[in-house]
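Novice: Please find protein_38.txt (compact mmCIF, C-alpha atoms (C1' of nucleotides)) on the next line:
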# COMPACT_ATOMS: atom_id res chain seq x y z
CA MET X 1 131.90 67.11 123.48
CA SER X 2 131.66 70.90 123.84
CA PRO X 3 131.97 71.86 127.51
CA THR X 4 128.66 73.30 128.70
CA PRO X 5 128.70 77.04 129.42
CA ALA X 6 127.74 78.03 132.96
CA ARG X 7 123.96 78.03 133.38
CA THR X 8 124.20 80.25 136.46
CA SER X 9 126.77 82.46 138.17
CA ARG X 10 128.18 83.23 141.58
CA ALA X 11 126.53 86.66 141.48
CA ALA X 12 123.10 85.19 140.67
CA ILE X 13 123.50 82.64 143.46
CA ILE X 14 124.40 85.30 146.03
CA ALA X 15 121.49 87.47 144.90
CA ALA X 16 119.06 84.54 145.21
CA ALA X 17 120.42 83.73 148.66
CA ALA X 18 120.01 87.35 149.79
CA GLU X 19 116.41 87.35 148.55
CA LEU X 20 115.56 84.14 150.39
CA LEU X 21 117.20 85.42 153.58
CA GLU X 22 115.21 88.63 153.58
CA ALA X 23 111.94 87.05 152.49
CA HIS X 24 111.83 84.01 154.75
CA GLY X 25 114.76 84.02 157.16
CA LEU X 26 118.09 82.26 157.41
CA GLU X 27 116.61 78.79 157.78
CA ALA X 28 114.89 79.24 154.40
CA LEU X 29 118.26 79.90 152.79
CA THR X 30 118.86 76.26 151.83
CA MET X 31 121.02 75.05 148.98
CA ALA X 32 117.99 73.45 147.34
CA ALA X 33 115.94 76.65 147.55
CA VAL X 34 118.77 78.77 146.14
CA ALA X 35 119.34 76.25 143.35
CA ASP X 36 115.66 76.34 142.55
CA VAL X 37 115.65 80.14 142.21
CA VAL X 38 118.64 80.18 139.86
CA GLY X 39 117.37 77.20 137.88
CA VAL X 40 119.84 74.42 138.62
CA ARG X 41 120.09 71.48 141.04
CA ALA X 42 121.68 71.86 144.46
CA PRO X 43 124.95 70.03 143.68
CA SER X 44 125.72 72.49 140.88
CA LEU X 45 126.03 75.35 143.37
CA TYR X 46 129.27 73.83 144.62
CA LYS X 47 130.93 74.78 141.34
CA HIS X 48 130.39 78.43 142.31
CA VAL X 49 130.54 78.59 146.12
CA ALA X 50 132.48 76.42 148.54
CA ASP X 51 129.58 75.62 150.84
CA ARG X 52 126.54 77.12 152.58
CA GLN X 53 128.59 78.96 155.22
CA GLN X 54 130.64 80.67 152.55
CA LEU X 55 127.51 81.58 150.64
CA ILE X 56 126.07 83.21 153.76
CA ALA X 57 129.37 85.01 154.27
CA ALA X 58 129.18 86.29 150.70
CA VAL X 59 125.65 87.59 151.33
CA ALA X 60 126.97 89.43 154.40
CA ASP X 61 129.88 90.91 152.44
CA GLU X 62 127.56 92.14 149.73
CA ALA X 63 125.30 93.68 152.37
CA VAL X 64 128.28 95.57 153.81
CA ARG X 65 129.04 97.01 150.37
CA ASP X 66 125.37 97.92 149.81
CA LEU X 67 125.23 99.59 153.21
CA GLY X 68 128.37 101.55 152.40
CA MET X 69 126.79 102.82 149.21
CA ALA X 70 123.54 103.65 150.97
CA ILE X 71 125.22 105.83 153.58
CA GLY X 72 127.89 107.13 151.19
CA ASN X 73 125.49 108.54 148.62
CA VAL X 74 123.08 110.60 150.67
CA PRO X 75 122.03 113.39 148.31
CA GLY X 76 122.16 117.15 148.80
CA MET X 77 124.40 117.35 151.84
CA THR X 78 126.91 119.92 150.64
CA ASP X 79 125.24 122.95 152.17
CA ASP X 80 124.32 121.48 155.54
CA GLY X 81 126.15 121.73 158.84
CA VAL X 82 127.84 118.72 160.44
CA GLN X 83 124.95 117.87 162.69
CA ALA X 84 122.42 117.95 159.85
CA ARG X 85 124.63 115.77 157.66
CA LEU X 86 125.19 113.33 160.51
CA ARG X 87 121.44 113.15 161.00
CA SER X 88 120.99 112.36 157.29
CA VAL X 89 123.64 109.65 157.27
CA ALA X 90 122.30 108.01 160.43
CA THR X 91 118.80 108.06 159.01
CA ALA X 92 120.07 106.49 155.77
CA PHE X 93 121.52 103.74 157.93
CA ARG X 94 118.18 103.24 159.63
CA THR X 95 116.39 103.12 156.27
CA PHE X 96 118.80 100.47 155.01
CA ALA X 97 118.35 98.42 158.18
CA ARG X 98 114.57 98.60 157.84
CA THR X 99 114.71 97.57 154.18
CA ARG X 100 117.06 94.67 154.77
CA PRO X 101 116.75 93.80 158.45
CA ARG X 102 118.00 90.23 158.26
CA ALA X 103 121.06 91.10 156.18
CA THR X 104 121.82 93.90 158.65
CA ALA X 105 121.54 91.51 161.57
CA LEU X 106 123.84 89.09 159.76
CA VAL X 107 126.46 91.82 159.43
CA PHE X 108 126.26 93.37 162.90
CA ALA X 109 125.03 90.65 165.24
CA GLY X 110 126.48 87.75 163.29
CA LEU X 111 124.16 85.23 164.91
CA GLY X 112 124.14 82.22 162.66
CA THR X 113 127.59 82.81 161.25
CA GLU X 114 131.09 82.98 162.55
CA HIS X 115 131.88 85.12 159.55
CA GLN X 116 133.20 88.65 159.80
CA PRO X 117 133.23 90.95 156.82
CA SER X 118 136.77 91.83 155.78
CA VAL X 119 138.31 94.76 157.60
CA ASP X 120 138.72 96.63 154.32
CA ALA X 121 135.06 96.27 153.39
CA ALA X 122 133.94 97.37 156.84
CA ARG X 123 136.31 100.32 156.79
CA ALA X 124 135.03 101.45 153.40
CA ALA X 125 131.42 101.13 154.52
CA VAL X 126 131.81 103.35 157.58
CA ALA X 127 134.19 105.86 155.99
CA PRO X 128 131.56 108.60 155.47
CA LEU X 129 130.38 108.24 159.03
CA LEU X 130 133.93 108.39 160.35
CA SER X 131 134.75 111.62 158.54
CA LEU X 132 131.57 113.27 159.83
CA ALA X 133 132.37 112.04 163.34
CA ALA X 134 135.80 113.66 163.07
CA GLU X 135 134.19 116.93 162.05
CA LEU X 136 131.77 116.74 164.97
CA ALA X 137 133.98 115.56 167.81
CA GLY X 138 137.49 116.34 166.62
CA PRO X 139 139.98 113.90 165.01
CA GLU X 140 141.10 112.70 168.45
CA ARG X 141 137.65 111.41 169.35
CA ALA X 142 136.40 110.59 165.83
CA LEU X 143 136.55 106.80 166.24
CA GLU X 144 134.75 106.88 169.59
CA ALA X 145 132.05 109.13 168.19
CA ALA X 146 131.59 106.98 165.07
CA ARG X 147 131.29 103.87 167.24
CA ALA X 148 128.69 105.48 169.47
CA LEU X 149 126.64 106.65 166.49
CA THR X 150 126.84 103.26 164.77
CA ALA X 151 125.93 101.45 168.00
CA TYR X 152 122.90 103.68 168.51
CA ALA X 153 121.74 103.43 164.89
CA TYR X 154 122.21 99.68 164.64
CA GLY X 155 120.75 99.01 168.09
CA PHE X 156 117.70 101.12 167.40
CA ALA X 157 117.13 99.60 163.96
CA ALA X 158 117.62 96.05 165.26
CA MET X 159 115.15 96.53 168.09
CA GLU X 160 112.72 98.16 165.70
CA SER X 161 112.93 95.32 163.16
CA GLY X 162 112.85 92.71 165.90
CA GLY X 163 109.63 94.15 167.29
CA ALA X 164 111.16 95.21 170.59
CA PHE X 165 109.25 98.50 170.55
CA ARG X 166 105.77 97.44 171.56
CA PHE X 167 104.84 99.86 174.29
CA GLY X 168 103.09 102.22 171.92
CA SER X 169 104.25 105.81 171.54
CA ASP X 170 105.96 107.33 168.52
CA VAL X 171 108.95 105.32 167.29
CA ASP X 172 110.07 107.95 164.76
CA ALA X 173 110.07 110.59 167.47
CA ALA X 174 112.11 108.31 169.73
CA TRP X 175 114.64 107.81 166.93
CA SER X 176 115.05 111.55 166.44
CA ALA X 177 115.18 112.36 170.14
CA GLY X 178 117.86 109.76 170.85
CA LEU X 179 119.90 110.79 167.82
CA GLU X 180 119.71 114.48 168.73
CA ALA X 181 120.75 113.71 172.30
CA LEU X 182 123.73 111.67 171.16
CA ILE X 183 124.89 114.22 168.59
CA ARG X 184 124.51 117.03 171.11
CA GLY X 185 126.42 115.05 173.73
CA LEU X 186 129.22 114.13 171.32
CA ALA X 187 129.62 117.69 170.11
CA ALA X 188 130.01 119.09 173.61
CA MET Q 1 102.81 48.57 185.08
CA SER Q 2 103.99 51.55 187.16
CA PRO Q 3 104.26 54.61 184.92
CA THR Q 4 107.88 55.70 184.68
CA PRO Q 5 108.71 58.99 186.47
CA ALA Q 6 110.13 61.75 184.29
CA ARG Q 7 113.84 61.22 183.70
CA THR Q 8 114.31 64.86 182.73
CA SER Q 9 112.42 68.15 182.97
CA ARG Q 10 111.47 71.17 180.91
CA ALA Q 11 113.79 73.32 183.01
CA ALA Q 12 116.75 70.99 182.48
CA ILE Q 13 116.04 70.91 178.73
CA ILE Q 14 115.92 74.70 178.48
CA ALA Q 15 119.13 75.02 180.50
CA ALA Q 16 120.90 72.52 178.26
CA ALA Q 17 119.67 74.34 175.17
CA ALA Q 18 120.90 77.68 176.53
CA GLU Q 19 124.31 76.17 177.22
CA LEU Q 20 124.62 74.73 173.72
CA LEU Q 21 123.52 78.02 172.17
CA GLU Q 22 126.13 80.03 174.02
CA ALA Q 23 128.91 77.48 173.64
CA HIS Q 24 128.57 76.57 169.98
CA GLY Q 25 125.89 78.70 168.33
CA LEU Q 26 122.30 78.23 167.27
CA GLU Q 27 123.07 75.54 164.71
CA ALA Q 28 124.57 73.40 167.49
CA LEU Q 29 121.29 73.59 169.41
CA THR Q 30 119.89 70.39 167.91
CA MET Q 31 117.32 68.15 169.52
CA ALA Q 32 119.80 65.28 169.56
CA ALA Q 33 122.49 67.39 171.26
CA VAL Q 34 120.06 68.69 173.89
CA ALA Q 35 118.77 65.16 174.53
CA ASP Q 36 122.34 63.96 174.95
CA VAL Q 37 123.08 66.61 177.59
CA VAL Q 38 120.01 65.80 179.66
CA GLY Q 39 120.47 62.05 179.22
CA VAL Q 40 117.54 60.95 177.08
CA ARG Q 41 116.88 60.31 173.38
CA ALA Q 42 115.67 63.05 171.07
CA PRO Q 43 112.03 61.86 170.77
CA SER Q 44 111.59 62.10 174.55
CA LEU Q 45 112.06 65.88 174.44
CA TYR Q 46 108.67 66.20 172.74
CA LYS Q 47 107.01 65.21 176.02
CA HIS Q 48 108.37 68.44 177.51
CA VAL Q 49 108.55 70.97 174.67
CA ALA Q 50 106.39 71.27 171.57
CA ASP Q 51 109.21 71.51 169.05
CA ARG Q 52 112.62 73.09 168.43
CA GLN Q 53 111.20 76.55 167.67
CA GLN Q 54 109.35 76.61 170.98
CA LEU Q 55 112.46 75.44 172.79
CA ILE Q 56 114.44 78.31 171.27
CA ALA Q 57 111.63 80.69 172.27
CA ALA Q 58 111.82 79.36 175.83
CA VAL Q 59 115.56 80.01 175.89
CA ALA Q 60 114.90 83.58 174.74
CA ASP Q 61 112.22 84.08 177.42
CA GLU Q 62 114.53 82.82 180.10
CA ALA Q 63 117.25 85.15 178.86
CA VAL Q 64 114.85 88.11 179.16
CA ARG Q 65 114.16 87.21 182.78
CA ASP Q 66 117.86 86.77 183.51
CA LEU Q 67 118.62 90.11 181.92
CA GLY Q 68 115.89 91.73 184.02
CA MET Q 69 117.47 90.35 187.16
CA ALA Q 70 120.94 91.41 186.07
CA ILE Q 71 119.96 95.03 185.56
CA GLY Q 72 117.45 95.05 188.42
CA ASN Q 73 119.90 94.00 191.10
CA VAL Q 74 122.83 96.33 190.61
CA PRO Q 75 124.27 96.73 194.12
CA GLY Q 76 124.94 99.91 196.12
CA MET Q 77 123.03 102.42 194.05
CA THR Q 78 121.02 104.11 196.77
CA ASP Q 79 123.39 106.98 197.38
CA ASP Q 80 124.24 107.81 193.78
CA GLY Q 81 122.75 110.45 191.52
CA VAL Q 82 120.61 109.54 188.50
CA GLN Q 83 123.41 109.72 186.02
CA ALA Q 84 125.68 107.47 188.09
CA ARG Q 85 122.89 104.92 188.56
CA LEU Q 86 122.09 104.99 184.87
CA ARG Q 87 125.74 104.37 184.10
CA SER Q 88 125.72 101.37 186.46
CA VAL Q 89 122.58 99.87 184.96
CA ALA Q 90 123.78 100.35 181.38
CA THR Q 91 127.10 98.76 182.27
CA ALA Q 92 125.29 95.81 183.88
CA PHE Q 93 123.46 95.41 180.57
CA ARG Q 94 126.76 95.40 178.70
CA THR Q 95 128.21 92.84 181.10
CA PHE Q 96 125.22 90.55 180.60
CA ALA Q 97 125.47 90.90 176.82
CA ARG Q 98 129.16 90.05 176.91
CA THR Q 99 128.53 87.02 179.12
CA ARG Q 100 125.67 85.68 177.02
CA PRO Q 101 126.07 87.28 173.60
CA ARG Q 102 124.09 84.75 171.61
CA ALA Q 103 121.15 84.73 173.98
CA THR Q 104 121.17 88.53 173.88
CA ALA Q 105 121.17 88.51 170.08
CA LEU Q 106 118.29 86.05 170.16
CA VAL Q 107 116.27 88.44 172.31
CA PHE Q 108 117.05 91.72 170.57
CA ALA Q 109 117.86 90.89 166.97
CA GLY Q 110 115.71 87.77 166.80
CA LEU Q 111 117.57 86.42 163.77
CA GLY Q 112 116.79 82.73 163.61
CA THR Q 113 113.43 83.02 165.31
CA GLU Q 114 110.14 84.67 164.67
CA HIS Q 115 109.61 84.58 168.41
CA GLN Q 116 109.08 87.68 170.51
CA PRO Q 117 109.31 87.56 174.28
CA SER Q 118 105.97 88.31 175.91
CA VAL Q 119 105.20 91.96 176.46
CA ASP Q 120 104.95 91.41 180.21
CA ALA Q 121 108.36 89.78 180.42
CA ALA Q 122 109.93 92.55 178.36
CA ARG Q 123 108.22 95.24 180.43
CA ALA Q 124 109.46 93.68 183.66
CA ALA Q 125 113.00 93.39 182.32
CA VAL Q 126 113.30 97.04 181.36
CA ALA Q 127 111.40 98.44 184.36
CA PRO Q 128 114.48 99.60 186.28
CA LEU Q 129 115.83 101.34 183.20
CA LEU Q 130 112.50 103.00 182.54
CA SER Q 131 112.24 104.47 186.02
CA LEU Q 132 115.77 105.85 185.83
CA ALA Q 133 115.01 107.29 182.40
CA ALA Q 134 111.98 109.05 183.87
CA GLU Q 135 114.16 110.52 186.58
CA LEU Q 136 116.70 111.72 184.04
CA ALA Q 137 114.51 113.06 181.25
CA GLY Q 138 111.16 113.62 182.94
CA PRO Q 139 108.11 111.32 182.84
CA GLU Q 140 107.04 112.79 179.49
CA ARG Q 141 110.20 111.66 177.74
CA ALA Q 142 110.98 108.59 179.85
CA LEU Q 143 110.06 106.05 177.17
CA GLU Q 144 112.10 107.82 174.49
CA ALA Q 145 115.10 108.07 176.79
CA ALA Q 146 114.86 104.41 177.82
CA ARG Q 147 114.68 103.36 174.17
CA ALA Q 148 117.71 105.43 173.25
CA LEU Q 149 119.73 104.01 176.14
CA THR Q 150 118.70 100.43 175.35
CA ALA Q 151 119.45 100.90 171.65
CA TYR Q 152 122.90 102.27 172.42
CA ALA Q 153 123.72 99.58 175.00
CA TYR Q 154 122.47 96.70 172.87
CA GLY Q 155 124.00 98.05 169.66
CA PHE Q 156 127.36 98.57 171.30
CA ALA Q 157 127.35 95.16 172.98
CA ALA Q 158 126.24 93.42 169.78
CA MET Q 159 128.95 95.04 167.71
CA GLU Q 160 131.49 94.27 170.40
CA SER Q 161 130.49 90.58 170.61
CA GLY Q 162 130.26 90.32 166.84
CA GLY Q 163 133.78 91.58 166.43
CA ALA Q 164 132.78 94.77 164.65
CA PHE Q 165 135.32 96.84 166.61
CA ARG Q 166 138.56 95.94 164.92
CA PHE Q 167 140.18 99.27 164.21
CA GLY Q 168 142.19 99.19 167.41
CA SER Q 169 141.78 101.89 170.05
CA ASP Q 170 140.19 101.48 173.47
CA VAL Q 171 136.75 99.84 173.38
CA ASP Q 172 136.03 100.47 177.08
CA ALA Q 173 136.79 104.15 176.62
CA ALA Q 174 134.51 104.26 173.59
CA TRP Q 175 131.71 102.67 175.63
CA SER Q 176 132.06 105.25 178.39
CA ALA Q 177 132.39 108.20 176.04
CA GLY Q 178 129.27 107.26 174.06
CA LEU Q 179 127.28 106.55 177.20
CA GLU Q 180 128.29 109.86 178.79
CA ALA Q 181 127.39 111.73 175.63
CA LEU Q 182 123.97 110.10 175.45
CA ILE Q 183 123.17 110.65 179.13
CA ARG Q 184 124.32 114.26 178.91
CA GLY Q 185 122.23 114.82 175.80
CA LEU Q 186 119.13 113.20 177.28
CA ALA Q 187 119.38 115.19 180.50
CA ALA Q 188 119.58 118.52 178.71
C1' DA N 1 103.21 58.50 182.00
C1' DC N 2 107.36 58.77 180.02
C1' DC N 3 110.94 56.64 177.16
C1' DT N 4 112.65 54.19 173.02
C1' DG N 5 113.83 52.43 168.15
C1' DA N 6 112.21 52.61 163.71
C1' DA N 7 110.69 55.31 160.17
C1' DC N 8 109.94 59.53 157.08
C1' DA N 9 110.93 63.78 154.87
C1' DC N 10 114.44 66.97 154.46
C1' DC N 11 119.09 69.06 154.35
C1' DG N 12 124.25 69.65 153.17
C1' DT N 13 127.67 67.56 150.64
C1' DT N 14 130.33 64.22 147.60
C1' DC N 15 131.09 61.88 143.46
C1' DA N 16 130.83 59.20 139.37
C1' DA N 17 128.67 59.67 135.10
C1' DG N 18 126.71 62.47 131.51
C1' DT N 19 127.07 66.32 127.82
C1' DA P 1 133.68 72.74 132.18
C1' DC P 2 129.52 72.53 134.21
C1' DC P 3 125.41 69.88 135.36
C1' DT P 4 122.94 65.80 137.17
C1' DG P 5 121.05 61.66 139.93
C1' DA P 6 122.38 58.67 143.35
C1' DA P 7 124.16 58.18 147.68
C1' DC P 8 125.57 59.30 152.65
C1' DA P 9 125.29 61.30 157.13
C1' DC P 10 122.49 64.13 159.72
C1' DC P 11 118.38 66.58 161.40
C1' DG P 12 113.35 67.37 163.12
C1' DT P 13 109.40 64.92 164.03
C1' DT P 14 105.89 61.07 164.48
C1' DC P 15 104.36 56.87 166.26
C1' DA P 16 103.76 52.24 167.74
C1' DA P 17 105.65 49.46 171.20
C1' DG P 18 107.83 48.93 175.61
C1' DT P 19 108.00 49.59 180.92
Would you put the structure from the file into structure tokens?
Specialist:
Amino acid sequence: MSPTPARTSRAAIIAAAAELLEAHGLEALTMAAVADVVGVRAPSLYKHVADRQQLIAAVADEAVRDLGMAIGNVPGMTDDGVQARLRSVATAFRTFARTRPRATALVFAGLGTEHQPSVDAARAAVAPLLSLAAELAGPERALEAARALTAYAYGFAAMESGGAFRFGSDVDAAWSAGLEALIRGLAA
Amino acid sequence: MSPTPARTSRAAIIAAAAELLEAHGLEALTMAAVADVVGVRAPSLYKHVADRQQLIAAVADEAVRDLGMAIGNVPGMTDDGVQARLRSVATAFRTFARTRPRATALVFAGLGTEHQPSVDAARAAVAPLLSLAAELAGPERALEAARALTAYAYGFAAMESGGAFRFGSDVDAAWSAGLEALIRGLAA
DNA sequence: ACCTGAACACCGTTCAAGT
DNA sequence: ACCTGAACACCGTTCAAGT
């Protein structure tokens, strides 16, 4: 007669889904596999998430928040100049994208979902980058500069994770050279 | 007794798959849907392609070739300086990515496939960009410069197609400003 | 030599029945 | 109030049977 307490939770389900995505790709993120990780049967998931699309959307939203924290909490930046801090934030972005490439692709390329993270979440995530861009290029051109930096960082990280850089040579050096060039150009 | 002639072809199948991908997304690229477009039943496709993964890979390969042609045949560039030609080629890339966003994501982000386009195909596609990069930044730094330009162009186009630019303001102006900054910085 | 229907394993999702 | 097995429609893939 006593109603059973929940044997899993929305948070656990989203975490399991994010793990499966990163470990084995989007096609491995099945309701049965997620259910298996959290220890229930597939139909039970529908008590916690509407359907698979919404679960994927929730994984993307969580990734946006994680990314925001990753680039918002870069340590020891108080003493540096704008360009050095921008370099640190962009590199934190790259590190995040290398750690969670498939979640990053879900957020930025959106292949496999029609979902967009909420405007508020996106705004919060890029806030630190936007304020540095304003410092670098002036408030008038802050948005443009932030977009250019994000485009470069995401594009580079995506190509890197996707294996697009296969002509040898030093990938780290290419990252730094491109970033320096962009920062220099935006500051001018 | 006479063996039946092929009622469809590998080329037609790939074209149908590319159409479905762009029109309705990767999850709409099903064997049944492709078979329907080319006018056969799903099992017949296996006479022409090994399986769905290989079909998706073929779509990606074809997209790489198309992209190579798109950025290799930019008209009326003979009289321009390096920077102007680079601007034209990068903009041709953006135009291609806006026309075929999902195929572009398949090639660069590779979410939904483990496939990589062959090194030769990729090399051919980026050849025009590489030679311009050499002209701009010197042969020593050509590869770095080409990578930075590709990363920026793909990243910008991906974010644009994915709807990441939703804070208002002029997206075309942002594209130009970022591209100018990068070219200026790479030339220095 | 290619095409087909039937069949199988799998997936997302619903729902009545359990506790 | 949540969980489950059974069921349904759909998907990728195989294969024996047609022409």
Novice: Do you know which residues are at most 12 Å from range 7-15 of chain P counting only C-alpha atoms (C1' of nucleotides), after dropping those on the same chain fewer than 5 positions away, and could you put them as a PyMOL selection string?
Specialist: (chain Q and resi 27-33+42-46+50-53) or (chain N and resi 4-16)
Novice: Between CA of Asp79 in chain Q and CA of Ala133 in chain Q, what is the distance, to one decimal in Å?
Specialist: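 One can read the CA of Asp79 in chain Q to CA of Ala133 in chain Q distance as 17.2 Å.
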Novice: Could you tell me how far CA of Gly162 in chain Q sits from CA of Val89 in chain Q, in Å to one decimal place?
Specialist: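 Pair CA of Val89 in chain Q / CA of Gly162 in chain Q returns 21.9 Å.
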Novice: Could you tell me how far CA of Ala109 in chain Q lies from CA of Thr104 in chain X, in Å and to one decimal?
Specialist: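 If I compute the distance from CA of Ala109 in chain Q to CA of Thr104 in chain X, I get 9.7 Å.
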Novice: For range 82-84 of chain Q, list every protein, DNA or RNA residue within 9 Å, evaluated using only C-alpha atoms (C1' of nucleotides), and leave out those in the same chain fewer than 2 positions away; present the list as a JSON list (two decimals) with C-alpha atoms, keeping the file's coordinate frame.
Specialist:
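For reference, around-v5.json as written:
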[["chain", "number", "residue", "atom", "x", "y", "z"],
["Q", 77, "MET", "CA", 123.03, 102.42, 194.05],
["Q", 80, "ASP", "CA", 124.24, 107.81, 193.78],
["Q", 86, "LEU", "CA", 122.09, 104.99, 184.87],
["Q", 87, "ARG", "CA", 125.74, 104.37, 184.10],
["Q", 88, "SER", "CA", 125.72, 101.37, 186.46],
["Q", 89, "VAL", "CA", 122.58, 99.87, 184.96],
["Q", 132, "LEU", "CA", 115.77, 105.85, 185.83],
["Q", 133, "ALA", "CA", 115.01, 107.29, 182.40],
["Q", 135, "GLU", "CA", 114.16, 110.52, 186.58],
["Q", 136, "LEU", "CA", 116.70, 111.72, 184.04],
["Q", 180, "GLU", "CA", 128.29, 109.86, 178.79],
["Q", 183, "ILE", "CA", 123.17, 110.65, 179.13],
["Q", 184, "ARG", "CA", 124.32, 114.26, 178.91],
["Q", 187, "ALA", "CA", 119.38, 115.19, 180.50]]
Novice: Should the cut-off be 9 Å, what would the residue list for chain N against chain Q look like, counting only C-alpha atoms (C1' of nucleotides), as a PyMOL selection string?
Specialist: chain N and resi 1-4
Novice: Neighbours of Tyr152 in chain Q within 9 Å (all atoms listed in the file; same-chain residues fewer than 2 positions away dropped), as a ChimeraX atom specification?
Specialist: /X:148-156 /Q:147-150,154-157,178-179,182
Novice: Which residue gives the smallest distance to Phe93 in chain Q among Q:Leu67, Q:Ala105, Q:Ala181, Q:Ala121, with all atoms listed in the file counted?
Specialist: Q:Leu67
Novice: Show me, as a list in words, the residues that have an atom within 8 Å of Ala137 in chain Q when counting all atoms listed in the file, minus same-chain residues fewer than 3 positions from it.
Specialist: Ala133, Ala134, Glu140, Arg141, Ala142, Ala145, Leu186, Ala187 and Ala188 of chain Q
Novice: Would you write out those residues with C-alpha atoms, as a CSV table (one decimal), in the coordinates of the input?
Specialist:
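Full text of again-v1.csv as output:
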chain,number,residue,atom,x,y,z
Q,133,ALA,CA,115.0,107.3,182.4
Q,134,ALA,CA,112.0,109.0,183.9
Q,140,GLU,CA,107.0,112.8,179.5
Q,141,ARG,CA,110.2,111.7,177.7
Q,142,ALA,CA,111.0,108.6,179.8
Q,145,ALA,CA,115.1,108.1,176.8
Q,186,LEU,CA,119.1,113.2,177.3
Q,187,ALA,CA,119.4,115.2,180.5
Q,188,ALA,CA,119.6,118.5,178.7
Novice: Which residue, X:Ala124, X:Ala97, X:Ala17, X:Leu106, has the smallest gap to chain Q when you use all atoms listed in the file?
Specialist: X:Leu106
